[in-house]
$ cat model-v7.csv   # CSV, C-alpha atoms and all ligand atoms
chain,number,residue,atom,x,y,z
A,1,MET,CA,-89.2,26.3,90.9
A,2,LYS,CA,-87.2,24.5,88.3
A,3,PRO,CA,-84.8,25.9,85.7
A,4,VAL,CA,-85.9,26.6,82.2
A,5,ALA,CA,-84.8,23.9,79.7
A,6,PHE,CA,-81.2,24.2,78.7
A,7,ALA,CA,-78.7,22.3,76.6
A,8,TYR,CA,-75.8,20.7,78.5
A,9,VAL,CA,-72.3,20.5,77.2
A,10,ARG,CA,-69.4,18.9,79.1
A,11,ALA,CA,-66.3,20.6,77.8
A,12,ARG,CA,-63.2,18.5,77.8
A,13,THR,CA,-60.7,21.2,76.9
A,14,LEU,CA,-60.4,24.9,77.5
A,15,GLU,CA,-60.6,25.5,73.8
A,16,GLU,CA,-63.8,23.5,73.5
A,17,ALA,CA,-65.3,25.5,76.4
A,18,ILE,CA,-64.3,28.8,74.8
A,19,ALA,CA,-65.7,27.7,71.4
A,20,CYS,CA,-69.0,26.9,73.1
A,21,LEU,CA,-69.2,30.3,74.7
A,22,ALA,CA,-68.2,32.1,71.5
A,23,GLY,CA,-70.7,30.0,69.5
A,24,THR,CA,-73.7,30.8,71.6
A,25,ASP,CA,-73.8,34.6,71.4
A,26,GLY,CA,-73.9,35.2,75.1
A,27,GLU,CA,-76.6,32.7,75.8
A,28,ALA,CA,-74.4,30.1,77.5
A,29,LYS,CA,-73.3,29.9,81.2
A,30,LEU,CA,-70.3,28.1,82.6
A,31,LEU,CA,-71.0,25.6,85.3
A,32,ALA,CA,-68.2,25.2,87.9
A,33,GLY,CA,-69.2,24.2,91.5
A,34,GLY,CA,-72.8,25.2,90.9
A,35,GLN,CA,-73.2,26.6,94.4
A,36,SER,CA,-74.3,30.0,93.1
A,37,LEU,CA,-75.5,29.1,89.6
A,38,THR,CA,-77.8,26.3,90.6
A,39,PRO,CA,-79.9,28.4,93.0
A,40,MET,CA,-80.0,31.2,90.3
A,41,LEU,CA,-81.2,28.6,87.7
A,42,ASN,CA,-83.8,27.3,90.0
A,43,MET,CA,-85.1,30.7,90.8
A,44,ARG,CA,-85.0,31.6,87.1
A,45,LEU,CA,-82.8,34.6,87.8
A,46,VAL,CA,-80.7,33.3,84.9
A,47,ARG,CA,-82.1,31.5,81.8
A,48,PRO,CA,-79.1,30.3,79.8
A,49,ALA,CA,-79.8,28.4,76.6
A,50,THR,CA,-76.7,26.2,77.2
A,51,LEU,CA,-74.7,25.2,80.3
A,52,VAL,CA,-71.1,24.5,79.7
A,53,ASP,CA,-69.7,22.3,82.4
A,54,ILE,CA,-66.0,23.0,83.0
A,55,ASN,CA,-65.5,20.6,85.9
A,56,ARG,CA,-63.4,18.2,83.7
A,57,LEU,CA,-61.1,20.8,82.2
A,58,PRO,CA,-57.6,19.6,82.8
A,59,GLY,CA,-55.0,21.6,84.7
A,60,LEU,CA,-57.2,24.1,86.4
A,61,ASP,CA,-57.5,22.3,89.7
A,62,ARG,CA,-54.0,22.9,91.0
A,63,VAL,CA,-52.3,25.2,93.5
A,64,GLU,CA,-48.7,25.8,92.4
A,65,ARG,CA,-45.8,28.2,93.1
A,66,ASP,CA,-43.6,29.3,90.2
A,67,ALA,CA,-39.9,30.1,90.2
A,68,ASP,CA,-40.7,33.8,90.8
A,69,GLY,CA,-42.6,32.9,94.0
A,70,ILE,CA,-46.0,33.6,92.5
A,71,LEU,CA,-48.8,31.5,93.9
A,72,ARG,CA,-50.9,30.2,91.0
A,73,ILE,CA,-54.4,29.0,92.0
A,74,GLY,CA,-56.4,27.3,89.3
A,75,ALA,CA,-60.0,28.3,88.7
A,76,LEU,CA,-61.3,24.8,89.6
A,77,VAL,CA,-59.6,24.6,92.9
A,78,ARG,CA,-62.4,24.0,95.4
A,79,HIS,CA,-62.5,26.1,98.5
A,80,THR,CA,-61.8,22.9,100.6
A,81,ASP,CA,-58.7,22.2,98.5
A,82,LEU,CA,-57.5,25.7,99.1
A,83,LEU,CA,-57.9,25.2,102.8
A,84,ARG,CA,-55.9,21.9,102.7
A,85,SER,CA,-53.2,23.1,100.3
A,86,PRO,CA,-49.8,23.4,102.1
A,87,LEU,CA,-48.6,25.9,99.4
A,88,ALA,CA,-51.7,28.1,99.9
A,89,ARG,CA,-51.4,28.0,103.6
A,90,ALA,CA,-47.7,28.9,103.5
A,91,HIS,CA,-47.8,31.6,100.7
A,92,GLY,CA,-51.4,32.7,100.6
A,93,PRO,CA,-52.8,32.5,104.1
A,94,LEU,CA,-55.1,35.4,103.7
A,95,LEU,CA,-56.9,33.5,100.9
A,96,VAL,CA,-57.1,30.5,103.1
A,97,GLU,CA,-58.6,32.4,106.0
A,98,ALA,CA,-61.1,34.0,103.6
A,99,ALA,CA,-62.1,30.6,102.2
A,100,ARG,CA,-62.6,29.3,105.7
A,101,HIS,CA,-65.5,31.8,106.1
A,102,ILE,CA,-67.3,30.7,103.0
A,103,GLY,CA,-70.7,29.0,103.6
A,104,HIS,CA,-70.7,25.5,105.0
A,105,ARG,CA,-68.5,22.5,104.4
A,106,ALA,CA,-70.8,21.1,101.7
A,107,ILE,CA,-70.6,24.4,99.8
A,108,ARG,CA,-66.8,24.6,100.3
A,109,ASN,CA,-66.5,21.0,98.9
A,110,ARG,CA,-68.1,22.0,95.6
A,111,GLY,CA,-67.6,25.7,95.2
A,112,THR,CA,-64.5,26.8,93.3
A,113,VAL,CA,-62.1,29.8,93.6
A,114,GLY,CA,-62.8,30.7,89.9
A,115,GLY,CA,-66.6,30.6,90.5
A,116,SER,CA,-66.4,32.8,93.5
A,117,LEU,CA,-64.3,35.4,91.7
A,118,ALA,CA,-66.4,35.3,88.5
A,119,HIS,CA,-69.7,35.4,90.4
A,120,ALA,CA,-68.5,38.6,92.2
A,121,ASP,CA,-71.0,38.5,95.0
A,122,PRO,CA,-70.5,41.8,96.9
A,123,ALA,CA,-70.4,39.9,100.2
A,124,ALA,CA,-68.0,37.2,99.0
A,125,GLU,CA,-64.7,36.8,100.9
A,126,LEU,CA,-62.3,35.7,98.1
A,127,PRO,CA,-62.7,38.8,95.9
A,128,ALA,CA,-61.8,41.1,98.8
A,129,ALA,CA,-58.8,38.9,99.7
A,130,ALA,CA,-57.6,38.9,96.1
A,131,VAL,CA,-57.8,42.7,95.9
A,132,ALA,CA,-56.0,43.1,99.3
A,133,LEU,CA,-53.2,40.9,98.0
A,134,ASP,CA,-52.8,42.8,94.7
A,135,ALA,CA,-53.5,39.5,93.0
A,136,ARG,CA,-54.0,39.1,89.3
A,137,VAL,CA,-56.8,37.2,87.5
A,138,SER,CA,-55.9,35.1,84.5
A,139,ILE,CA,-58.5,34.9,81.7
A,140,GLU,CA,-58.7,33.1,78.4
A,141,GLY,CA,-61.1,33.7,75.6
A,142,ALA,CA,-61.6,33.6,71.9
A,143,ALA,CA,-59.2,36.5,71.5
A,144,GLY,CA,-56.5,34.9,73.6
A,145,ALA,CA,-55.2,35.1,77.1
A,146,ARG,CA,-54.9,38.1,79.4
A,147,GLU,CA,-54.4,39.1,83.0
A,148,VAL,CA,-56.2,41.7,84.9
A,149,ASP,CA,-55.5,43.2,88.3
A,150,ALA,CA,-58.0,42.0,90.8
A,151,ALA,CA,-58.7,45.6,91.7
A,152,ASP,CA,-59.9,46.2,88.1
A,153,PHE,CA,-61.6,42.8,87.7
A,154,PHE,CA,-64.6,43.6,89.9
A,155,GLN,CA,-66.5,46.3,88.1
A,156,GLY,CA,-70.0,46.3,89.7
A,157,LEU,CA,-72.7,44.3,91.4
A,158,PHE,CA,-72.1,40.7,90.1
A,159,THR,CA,-70.2,42.3,87.2
A,160,THR,CA,-66.6,41.6,86.2
A,161,ALA,CA,-64.1,42.3,83.4
A,162,LEU,CA,-64.9,38.9,81.9
A,163,ARG,CA,-66.3,39.1,78.4
A,164,ALA,CA,-69.1,36.7,77.3
A,165,ASP,CA,-66.6,34.4,75.5
A,166,GLU,CA,-64.0,34.3,78.3
A,167,ILE,CA,-63.2,31.9,81.1
A,168,LEU,CA,-61.4,32.8,84.3
A,169,THR,CA,-58.6,30.3,84.5
A,170,GLY,CA,-56.9,31.2,87.8
A,171,VAL,CA,-55.7,33.8,90.2
A,172,HIS,CA,-52.1,34.7,90.8
A,173,VAL,CA,-50.8,36.0,94.1
A,174,PRO,CA,-47.5,37.9,94.2
A,175,PRO,CA,-44.8,36.8,96.7
A,176,ALA,CA,-45.7,37.9,100.3
A,177,ASP,CA,-42.4,39.7,100.7
A,178,GLY,CA,-42.8,40.2,104.4
A,179,ALA,CA,-46.5,41.0,104.1
A,180,ARG,CA,-48.8,40.4,107.1
A,181,TRP,CA,-52.6,40.1,107.0
A,182,GLY,CA,-55.7,40.5,109.0
A,183,PHE,CA,-59.2,39.3,108.2
A,184,ALA,CA,-62.5,39.9,110.1
A,185,GLU,CA,-66.1,39.6,109.3
A,186,VAL,CA,-69.5,39.6,110.9
A,187,ALA,CA,-72.3,37.3,109.7
A,188,ARG,CA,-75.6,36.6,111.5
A,189,ARG,CA,-74.9,32.9,111.7
A,190,ALA,CA,-71.8,30.8,110.9
A,191,GLY,CA,-71.9,30.0,107.2
A,192,ASP,CA,-74.0,33.0,106.2
A,193,PHE,CA,-72.8,35.6,103.9
A,194,ALA,CA,-71.1,38.5,105.8
A,195,LEU,CA,-73.0,41.6,106.7
A,196,ALA,CA,-69.6,43.3,106.4
A,197,GLY,CA,-66.0,42.2,106.4
A,198,VAL,CA,-62.5,43.6,106.0
A,199,ALA,CA,-59.3,42.1,104.6
A,200,VAL,CA,-56.0,43.9,105.4
A,201,VAL,CA,-52.5,43.4,104.1
A,202,THR,CA,-49.6,45.4,105.6
A,203,ARG,CA,-45.8,45.5,105.3
A,204,ALA,CA,-43.7,47.0,108.1
A,205,PRO,CA,-40.1,45.8,107.6
A,206,ALA,CA,-38.6,48.0,110.3
A,207,GLY,CA,-41.7,48.5,112.4
A,208,THR,CA,-43.1,51.4,110.5
A,209,CYS,CA,-45.8,50.5,108.0
A,210,THR,CA,-44.7,51.0,104.4
A,211,HIS,CA,-47.6,49.3,102.6
A,212,ALA,CA,-51.2,48.8,103.4
A,213,ARG,CA,-54.3,47.5,101.7
A,214,VAL,CA,-57.6,47.8,103.6
A,215,VAL,CA,-60.4,46.2,101.6
A,216,ALA,CA,-64.1,46.0,102.8
A,217,PHE,CA,-66.7,43.7,101.4
A,218,GLY,CA,-70.5,43.5,101.9
A,219,VAL,CA,-70.7,47.3,102.0
A,220,GLY,CA,-71.0,48.2,98.4
A,221,PRO,CA,-71.3,46.6,94.9
A,222,THR,CA,-67.6,45.5,94.8
A,223,PRO,CA,-64.7,44.9,97.2
A,224,ALA,CA,-63.7,48.5,98.2
A,225,ARG,CA,-60.2,49.7,98.9
A,226,LEU,CA,-60.5,52.2,101.7
A,227,ARG,CA,-57.7,54.5,100.9
A,228,SER,CA,-58.2,56.9,103.7
A,229,ALA,CA,-57.7,54.1,106.2
A,230,GLU,CA,-54.6,52.9,104.2
A,231,ALA,CA,-53.2,56.4,104.3
A,232,LEU,CA,-53.5,56.5,108.1
A,233,VAL,CA,-51.7,53.2,108.5
A,234,VAL,CA,-48.8,53.8,106.1
A,235,GLY,CA,-46.0,55.7,107.8
A,236,ALA,CA,-47.3,54.8,111.3
A,237,ARG,CA,-46.1,52.2,113.9
A,238,ILE,CA,-49.4,50.4,114.3
A,239,ASP,CA,-50.9,50.5,117.8
A,240,GLU,CA,-54.5,50.6,119.2
A,241,ALA,CA,-54.8,54.4,118.5
A,242,VAL,CA,-53.7,54.0,114.8
A,243,ALA,CA,-56.0,51.0,114.3
A,244,HIS,CA,-58.9,52.8,115.8
A,245,ALA,CA,-58.3,55.9,113.7
A,246,ALA,CA,-58.1,53.7,110.6
A,247,GLY,CA,-61.4,52.1,111.5
A,248,GLU,CA,-63.1,55.5,111.8
A,249,ALA,CA,-61.6,56.6,108.5
A,250,ALA,CA,-62.7,53.3,106.8
A,251,ALA,CA,-66.3,53.7,108.2
A,252,ALA,CA,-66.4,57.3,106.9
A,253,GLU,CA,-65.2,56.3,103.5
A,254,CYS,CA,-67.3,53.2,102.8
A,255,ALA,CA,-70.8,53.6,101.3
A,256,PRO,CA,-73.1,50.8,102.5
A,257,THR,CA,-76.8,50.8,101.9
A,258,ASP,CA,-79.8,49.6,103.9
A,259,ASP,CA,-81.2,46.2,103.1
A,260,VAL,CA,-83.3,43.6,104.8
A,261,HIS,CA,-80.2,42.2,106.6
A,262,ALA,CA,-78.8,45.4,108.2
A,263,SER,CA,-79.0,49.1,108.1
A,264,ALA,CA,-76.3,51.2,106.4
A,265,SER,CA,-75.3,52.8,109.8
A,266,TYR,CA,-74.9,49.3,111.4
A,267,ARG,CA,-72.7,48.2,108.5
A,268,ARG,CA,-70.6,51.4,108.8
A,269,HIS,CA,-70.1,50.6,112.5
A,270,LEU,CA,-69.1,47.1,111.6
A,271,VAL,CA,-66.5,48.4,109.2
A,272,ALA,CA,-65.0,50.7,111.9
A,273,VAL,CA,-64.7,47.8,114.4
A,274,LEU,CA,-63.6,45.1,111.8
A,275,THR,CA,-60.9,47.4,110.2
A,276,ALA,CA,-59.4,48.2,113.6
A,277,ARG,CA,-59.4,44.5,114.5
A,278,ALA,CA,-57.9,43.4,111.1
A,279,VAL,CA,-55.2,46.1,111.2
A,280,LEU,CA,-54.2,45.0,114.7
A,281,GLN,CA,-54.2,41.4,113.7
A,282,ALA,CA,-51.8,42.2,110.8
A,283,ALA,CA,-49.6,44.2,113.1
A,284,ALA,CA,-49.5,41.3,115.6
A,285,GLY,CA,-48.1,39.1,112.9
A,286,GLY,CA,-50.7,37.5,110.8
A,287,ALA,CA,-48.3,36.2,108.2
B,301,LIG,P1,-70.9,28.4,90.0
B,301,LIG,O1,-72.1,28.4,90.9
B,301,LIG,O2,-70.8,27.1,89.2
B,301,LIG,O3,-70.9,29.6,89.0
B,301,LIG,C1,-71.2,30.9,89.5
B,301,LIG,C2,-71.1,31.9,88.4
B,301,LIG,O4,-69.7,32.1,88.0
B,301,LIG,C3,-71.8,31.5,87.1
B,301,LIG,O5,-72.3,32.7,86.5
B,301,LIG,C4,-70.8,30.8,86.3
B,301,LIG,O6,-71.1,30.9,84.9
B,301,LIG,C5,-69.6,31.7,86.6
B,301,LIG,N1,-68.3,30.9,86.5
B,301,LIG,C6,-68.0,29.9,87.3
B,301,LIG,N2,-66.7,29.5,87.1
B,301,LIG,C7,-66.2,30.4,86.1
B,301,LIG,C8,-65.0,30.5,85.4
B,301,LIG,N3,-63.9,29.7,85.7
B,301,LIG,N4,-64.9,31.5,84.5
B,301,LIG,C9,-65.9,32.4,84.3
B,301,LIG,N5,-67.1,32.3,84.9
B,301,LIG,C10,-67.3,31.3,85.8
B,301,LIG,N6,-69.8,32.4,98.9
B,301,LIG,C11,-69.0,33.2,99.6
B,301,LIG,O7,-68.1,33.9,99.1
B,301,LIG,N7,-69.2,33.4,101.0
B,301,LIG,C12,-70.2,32.8,101.6
B,301,LIG,O8,-70.4,33.0,102.8
B,301,LIG,C13,-71.1,31.9,100.9
B,301,LIG,N8,-72.1,31.3,101.5
B,301,LIG,C14,-72.9,30.5,100.7
B,301,LIG,C15,-74.0,29.9,101.3
B,301,LIG,C16,-74.9,29.1,100.6
B,301,LIG,C17,-76.0,28.5,101.3
B,301,LIG,C18,-74.6,28.9,99.2
B,301,LIG,C19,-75.5,28.0,98.4
B,301,LIG,C20,-73.5,29.5,98.6
B,301,LIG,C21,-72.7,30.3,99.3
B,301,LIG,N9,-71.6,30.9,98.7
B,301,LIG,C22,-70.8,31.8,99.5
B,301,LIG,C23,-71.3,30.8,97.3
B,301,LIG,C24,-70.2,29.8,97.1
B,301,LIG,O9,-69.0,30.3,97.5
B,301,LIG,C25,-70.0,29.5,95.6
B,301,LIG,O10,-69.1,28.4,95.6
B,301,LIG,C26,-69.3,30.5,94.7
B,301,LIG,O11,-69.9,31.8,94.9
B,301,LIG,C27,-69.4,30.2,93.3
B,301,LIG,O12,-68.5,29.2,93.0
B,301,LIG,P2,-69.0,27.9,92.1
B,301,LIG,O13,-67.8,27.2,91.7
B,301,LIG,O14,-70.0,27.2,92.9
B,301,LIG,O15,-69.6,28.6,90.8

$ encode --input "model-v7.csv" --output "structure tokens"
Amino acid sequence: MKPVAFAYVRARTLEEAIACLAGTDGEAKLLAGGQSLTPMLNMRLVRPATLVDINRLPGLDRVERDADGILRIGALVRHTDLLRSPLARAHGPLLVEAARHIGHRAIRNRGTVGGSLAHADPAAELPAAAVALDARVSIEGAAGAREVDAADFFQGLFTTALRADEILTGVHVPPADGARWGFAEVARRAGDFALAGVAVVTRAPAGTCTHARVVAFGVGPTPARLRSAEALVVGARIDEAVAHAAGEAAAAECAPTDDVHASASYRRHLVAVLTARAVLQAAAGGA
């Protein structure tokens, strides 16, 4: 199938892109890497009147670190650029590990960090990593700029806090402050979307865990913090038994459904195994 006819606008500034969105009464779609949008257009799952191409917007393709140690990743940073960025590797390694699991090289070469977050696929890796890192999403629209916690940004299946006239401009990751991470997923084939995955961030400055985020993806409409697993890890010195208990708690808390790819009970089993694995990886020094 081919897309329905649409008008094409190549925006040259953020203001121009926002004006296009605001002027089309919700009938426009932003085009970033096109790796999710193009298939949806071709299948006529979306029928925008106008495509606003944001690939030439200046300043959104950078990975930077500010004086407060916050890692600032622009919306137009391609997954491949994130993988190659020394700053991201040093100060946001969980995001880099997550990006490594996205699709195939050709997809990573075009797909953008902003597109991945804005698209909010429930099985996507970067949204879960952003929630685990307590990252914030920066947004600009007709009413001005705002920031939203990643945990509040993902609101439902392919649904985010973005309004129709807003553009996601970047994601900001707070300083690691001794944080360690773990990441594990299972997909049927390398490059496929995950059947289930888990991103973990812990802090254990004196051996006992003082902070934990356990976030599952592919098992619900949004990345899901599994607070019962986090509660088991905080206050403990992490070992096999603690990690196993966290995995069992995570599996009990998550709420996957059956689909053509896997049953809910298989996904629950995966969450148990992957949580234990990611918690142990974090404890072993993923940093
Ligand atoms: P686009 O396709 O251009 O846009 C996607 C949506 O986001 C559109 O609705 C668009 O309007 C909106 N959008 C884009 N940028 C912005 C912005 N800055 N502000 C507001 N809205 C915006 N992804 C994974 O996470 N994991 C995978 O394993 C994976 N496997 C894939 C396998 C295949 C075969 C394919 C085709 C894709 C796969 N993807 C996967 C998707 C890929 O990561 C996309 O790059 C990503 O989901 C969307 O990024 P994009 O830049 O291509 O966005």

$ closest_atom_pairs --input "model-v7.csv" --of "chain A" --to "ligand LIG 301 (chain B)" --cutoff "8 Å" --atoms "only C-alpha atoms and all ligand atoms" --output "Markdown table"
| residue | atom | partner | partner_atom | distance |
| --- | --- | --- | --- | --- |
| A:Lys29 | CA | B:LIG301 | O6 | 4.4 |
| A:Leu30 | CA | B:LIG301 | O6 | 3.7 |
| A:Leu31 | CA | B:LIG301 | O2 | 4.2 |
| A:Ala32 | CA | B:LIG301 | O2 | 3.5 |
| A:Gly33 | CA | B:LIG301 | O13 | 3.3 |
| A:Gly34 | CA | B:LIG301 | O2 | 3.2 |
| A:Gln35 | CA | B:LIG301 | O14 | 3.6 |
| A:Ser36 | CA | B:LIG301 | O1 | 3.5 |
| A:Leu37 | CA | B:LIG301 | O1 | 3.7 |
| A:Thr38 | CA | B:LIG301 | O1 | 6.1 |
| A:Pro39 | CA | B:LIG301 | C19 | 7.0 |
| A:Ile54 | CA | B:LIG301 | N3 | 7.5 |
| A:Ala75 | CA | B:LIG301 | N3 | 5.1 |
| A:Leu76 | CA | B:LIG301 | N3 | 6.8 |
| A:Arg78 | CA | B:LIG301 | O13 | 7.3 |
| A:His79 | CA | B:LIG301 | O10 | 7.6 |
| A:Ala99 | CA | B:LIG301 | O7 | 7.5 |
| A:His101 | CA | B:LIG301 | O8 | 6.0 |
| A:Ile102 | CA | B:LIG301 | C12 | 3.8 |
| A:Gly103 | CA | B:LIG301 | N8 | 3.4 |
| A:His104 | CA | B:LIG301 | C15 | 6.6 |
| A:Ile107 | CA | B:LIG301 | C20 | 6.0 |
| A:Arg108 | CA | B:LIG301 | O10 | 6.5 |
| A:Arg110 | CA | B:LIG301 | O14 | 6.2 |
| A:Gly111 | CA | B:LIG301 | O10 | 3.1 |
| A:Thr112 | CA | B:LIG301 | O13 | 3.7 |
| A:Val113 | CA | B:LIG301 | O12 | 6.5 |
| A:Gly114 | CA | B:LIG301 | N3 | 4.5 |
| A:Gly115 | CA | B:LIG301 | O12 | 3.4 |
| A:Ser116 | CA | B:LIG301 | C26 | 3.9 |
| A:Leu117 | CA | B:LIG301 | O4 | 7.3 |
| A:Ala118 | CA | B:LIG301 | O4 | 4.6 |
| A:His119 | CA | B:LIG301 | O4 | 4.1 |
| A:Ala120 | CA | B:LIG301 | O11 | 7.4 |
| A:Asp121 | CA | B:LIG301 | O11 | 6.8 |
| A:Ala123 | CA | B:LIG301 | O7 | 6.5 |
| A:Ala124 | CA | B:LIG301 | O7 | 3.3 |
| A:Glu125 | CA | B:LIG301 | O7 | 4.8 |
| A:Leu126 | CA | B:LIG301 | O7 | 6.2 |
| A:Pro127 | CA | B:LIG301 | O7 | 8.0 |
| A:Ile139 | CA | B:LIG301 | N4 | 7.8 |
| A:Leu162 | CA | B:LIG301 | C9 | 7.0 |
| A:Glu166 | CA | B:LIG301 | C9 | 6.6 |
| A:Ile167 | CA | B:LIG301 | N4 | 3.8 |
| A:Leu168 | CA | B:LIG301 | N4 | 3.7 |
| A:Thr169 | CA | B:LIG301 | N3 | 5.5 |
| A:Gly170 | CA | B:LIG301 | N3 | 7.5 |
| A:Gly191 | CA | B:LIG301 | O8 | 5.5 |
| A:Asp192 | CA | B:LIG301 | O8 | 5.0 |
| A:Phe193 | CA | B:LIG301 | O8 | 3.7 |
| A:Ala194 | CA | B:LIG301 | O8 | 6.3 |

$ closest_residue --input "model-v7.csv" --among "A:Val171, A:Pro48, A:Asn55, A:Asp25" --to "Thr13 in chain A" --atoms "all atoms listed in the file"
A:Asn55

$ residues_near_point --input "model-v7.csv" --point "(-57.0, 22.3, 104.8)" --cutoff "12 Å" --atoms "only C-alpha atoms" --output "JSON, numbers by chain"
{"A": [78, 79, 80, 81, 82, 83, 84, 85, 86, 87, 88, 89, 90, 93, 95, 96, 97, 99, 100, 105, 108, 109]}

$ residues_around --input "model-v7.csv" --residues "Ala283 in chain A" --least-positions-apart "4" --cutoff "8 Å" --atoms "only C-alpha atoms" --output "JSON, numbers by chain"
{"A": [180, 181, 202, 238, 239, 279]}

$ residues_near_point --input "model-v7.csv" --point "(-77.1, 24.8, 81.0)" --cutoff "10 Å" --atoms "only C-alpha atoms" --output "list in words"
Pro3, Val4, Ala5, Phe6, Ala7, Tyr8, Val9, Arg10, Glu27, Ala28, Lys29, Leu30, Leu31, Leu37, Thr38, Leu41, Arg47, Pro48, Ala49, Thr50, Leu51, Val52 and Asp53 of chain A

$ atom_distance --input "model-v7.csv" --atom1 "CA of Ala145 in chain A" --atom2 "CA of Ile73 in chain A"
16.1 Å

$ atom_distance --input "model-v7.csv" --atom1 "CA of Ile18 in chain A" --atom2 "CA of Gly59 in chain A"
15.4 Å

$ atom_distance --input "model-v7.csv" --atom1 "CA of Leu14 in chain A" --atom2 "CA of Thr160 in chain A"
19.8 Å

$ residues_around --input "model-v7.csv" --residues "Arg72 in chain A" --least-positions-apart "2" --cutoff "8 Å" --atoms "only C-alpha atoms" --output "list of chain:residue names"
A:Arg62, A:Val63, A:Glu64, A:Arg65, A:Asp66, A:Ile70, A:Gly74, A:Gly170, A:Val171, A:His172, A:Val173

$ write_last_selection --input "model-v7.csv" --atoms "C-alpha atoms" --output "CSV table (one decimal), in the frame of the given file"
chain,number,residue,atom,x,y,z
A,62,ARG,CA,-54.0,22.9,91.0
A,63,VAL,CA,-52.3,25.2,93.5
A,64,GLU,CA,-48.7,25.8,92.4
A,65,ARG,CA,-45.8,28.2,93.1
A,66,ASP,CA,-43.6,29.3,90.2
A,70,ILE,CA,-46.0,33.6,92.5
A,74,GLY,CA,-56.4,27.3,89.3
A,170,GLY,CA,-56.9,31.2,87.8
A,171,VAL,CA,-55.7,33.8,90.2
A,172,HIS,CA,-52.1,34.7,90.8
A,173,VAL,CA,-50.8,36.0,94.1

$ closest_residue --input "model-v7.csv" --among "A:Arg12, A:Gly23, A:Cys209, A:Ala106" --to "Leu60 in chain A" --atoms "all atoms listed in the file"
A:Arg12

$ residues_around --input "model-v7.csv" --residues "Ala255 in chain A" --least-positions-apart "2" --cutoff "12 Å" --atoms "all atoms listed in the file" --output "PDB file with C-alpha atoms, keeping the file's coordinate frame"
ATOM      1  CA  ALA A 196     -69.600  43.300 106.400  1.00  0.00           C
ATOM      2  CA  ALA A 216     -64.100  46.000 102.800  1.00  0.00           C
ATOM      3  CA  PHE A 217     -66.700  43.700 101.400  1.00  0.00           C
ATOM      4  CA  GLY A 218     -70.500  43.500 101.900  1.00  0.00           C
ATOM      5  CA  VAL A 219     -70.700  47.300 102.000  1.00  0.00           C
ATOM      6  CA  GLY A 220     -71.000  48.200  98.400  1.00  0.00           C
ATOM      7  CA  PRO A 221     -71.300  46.600  94.900  1.00  0.00           C
ATOM      8  CA  THR A 222     -67.600  45.500  94.800  1.00  0.00           C
ATOM      9  CA  PRO A 223     -64.700  44.900  97.200  1.00  0.00           C
ATOM     10  CA  ALA A 224     -63.700  48.500  98.200  1.00  0.00           C
ATOM     11  CA  ARG A 225     -60.200  49.700  98.900  1.00  0.00           C
ATOM     12  CA  LEU A 226     -60.500  52.200 101.700  1.00  0.00           C
ATOM     13  CA  ALA A 250     -62.700  53.300 106.800  1.00  0.00           C
ATOM     14  CA  ALA A 251     -66.300  53.700 108.200  1.00  0.00           C
ATOM     15  CA  ALA A 252     -66.400  57.300 106.900  1.00  0.00           C
ATOM     16  CA  GLU A 253     -65.200  56.300 103.500  1.00  0.00           C
ATOM     17  CA  THR A 257     -76.800  50.800 101.900  1.00  0.00           C
ATOM     18  CA  ASP A 258     -79.800  49.600 103.900  1.00  0.00           C
ATOM     19  CA  SER A 263     -79.000  49.100 108.100  1.00  0.00           C
ATOM     20  CA  ALA A 264     -76.300  51.200 106.400  1.00  0.00           C
ATOM     21  CA  SER A 265     -75.300  52.800 109.800  1.00  0.00           C
ATOM     22  CA  TYR A 266     -74.900  49.300 111.400  1.00  0.00           C
ATOM     23  CA  ARG A 267     -72.700  48.200 108.500  1.00  0.00           C
ATOM     24  CA  ARG A 268     -70.600  51.400 108.800  1.00  0.00           C
ATOM     25  CA  HIS A 269     -70.100  50.600 112.500  1.00  0.00           C
ATOM     26  CA  VAL A 271     -66.500  48.400 109.200  1.00  0.00           C
TER      27      VAL A 271
END

$ closest_residue --input "model-v7.csv" --among "A:Arg136, A:Arg227, A:His261, A:Arg163" --to "Arg189 in chain A" --atoms "only C-alpha atoms"
A:His261

$ decode --input "model-v7.csv" --residues "range 173-179 of chain A" --atoms "N, CA and C atoms" --output "mmCIF file, in the first residue's frame"
data_model
loop_
_atom_site.group_PDB
_atom_site.id
_atom_site.type_symbol
_atom_site.label_atom_id
_atom_site.label_comp_id
_atom_site.auth_asym_id
_atom_site.auth_seq_id
_atom_site.Cartn_x
_atom_site.Cartn_y
_atom_site.Cartn_z
ATOM 1 N N VAL A 173 19.528 13.626 31.149
ATOM 2 C CA VAL A 173 19.819 12.554 32.107
ATOM 3 C C VAL A 173 20.598 13.146 33.273
ATOM 4 N N PRO A 174 20.105 12.980 34.508
ATOM 5 C CA PRO A 174 20.832 13.543 35.653
ATOM 6 C C PRO A 174 22.180 12.846 35.849
ATOM 7 N N PRO A 175 23.100 13.501 36.586
ATOM 8 C CA PRO A 175 24.413 12.885 36.800
ATOM 9 C C PRO A 175 24.275 11.502 37.426
ATOM 10 N N ALA A 176 25.172 10.601 37.048
ATOM 11 C CA ALA A 176 25.061 9.210 37.488
ATOM 12 C C ALA A 176 25.193 9.087 39.005
ATOM 13 N N ASP A 177 26.064 9.891 39.609
ATOM 14 C CA ASP A 177 26.195 9.905 41.061
ATOM 15 C C ASP A 177 26.368 8.490 41.626
ATOM 16 N N GLY A 178 27.260 7.762 41.025
ATOM 17 C CA GLY A 178 27.556 6.402 41.524
ATOM 18 C C GLY A 178 26.565 5.338 41.083
ATOM 19 N N ALA A 179 25.642 5.708 40.198
ATOM 20 C CA ALA A 179 24.633 4.718 39.789
ATOM 21 C C ALA A 179 25.260 3.626 38.937
#
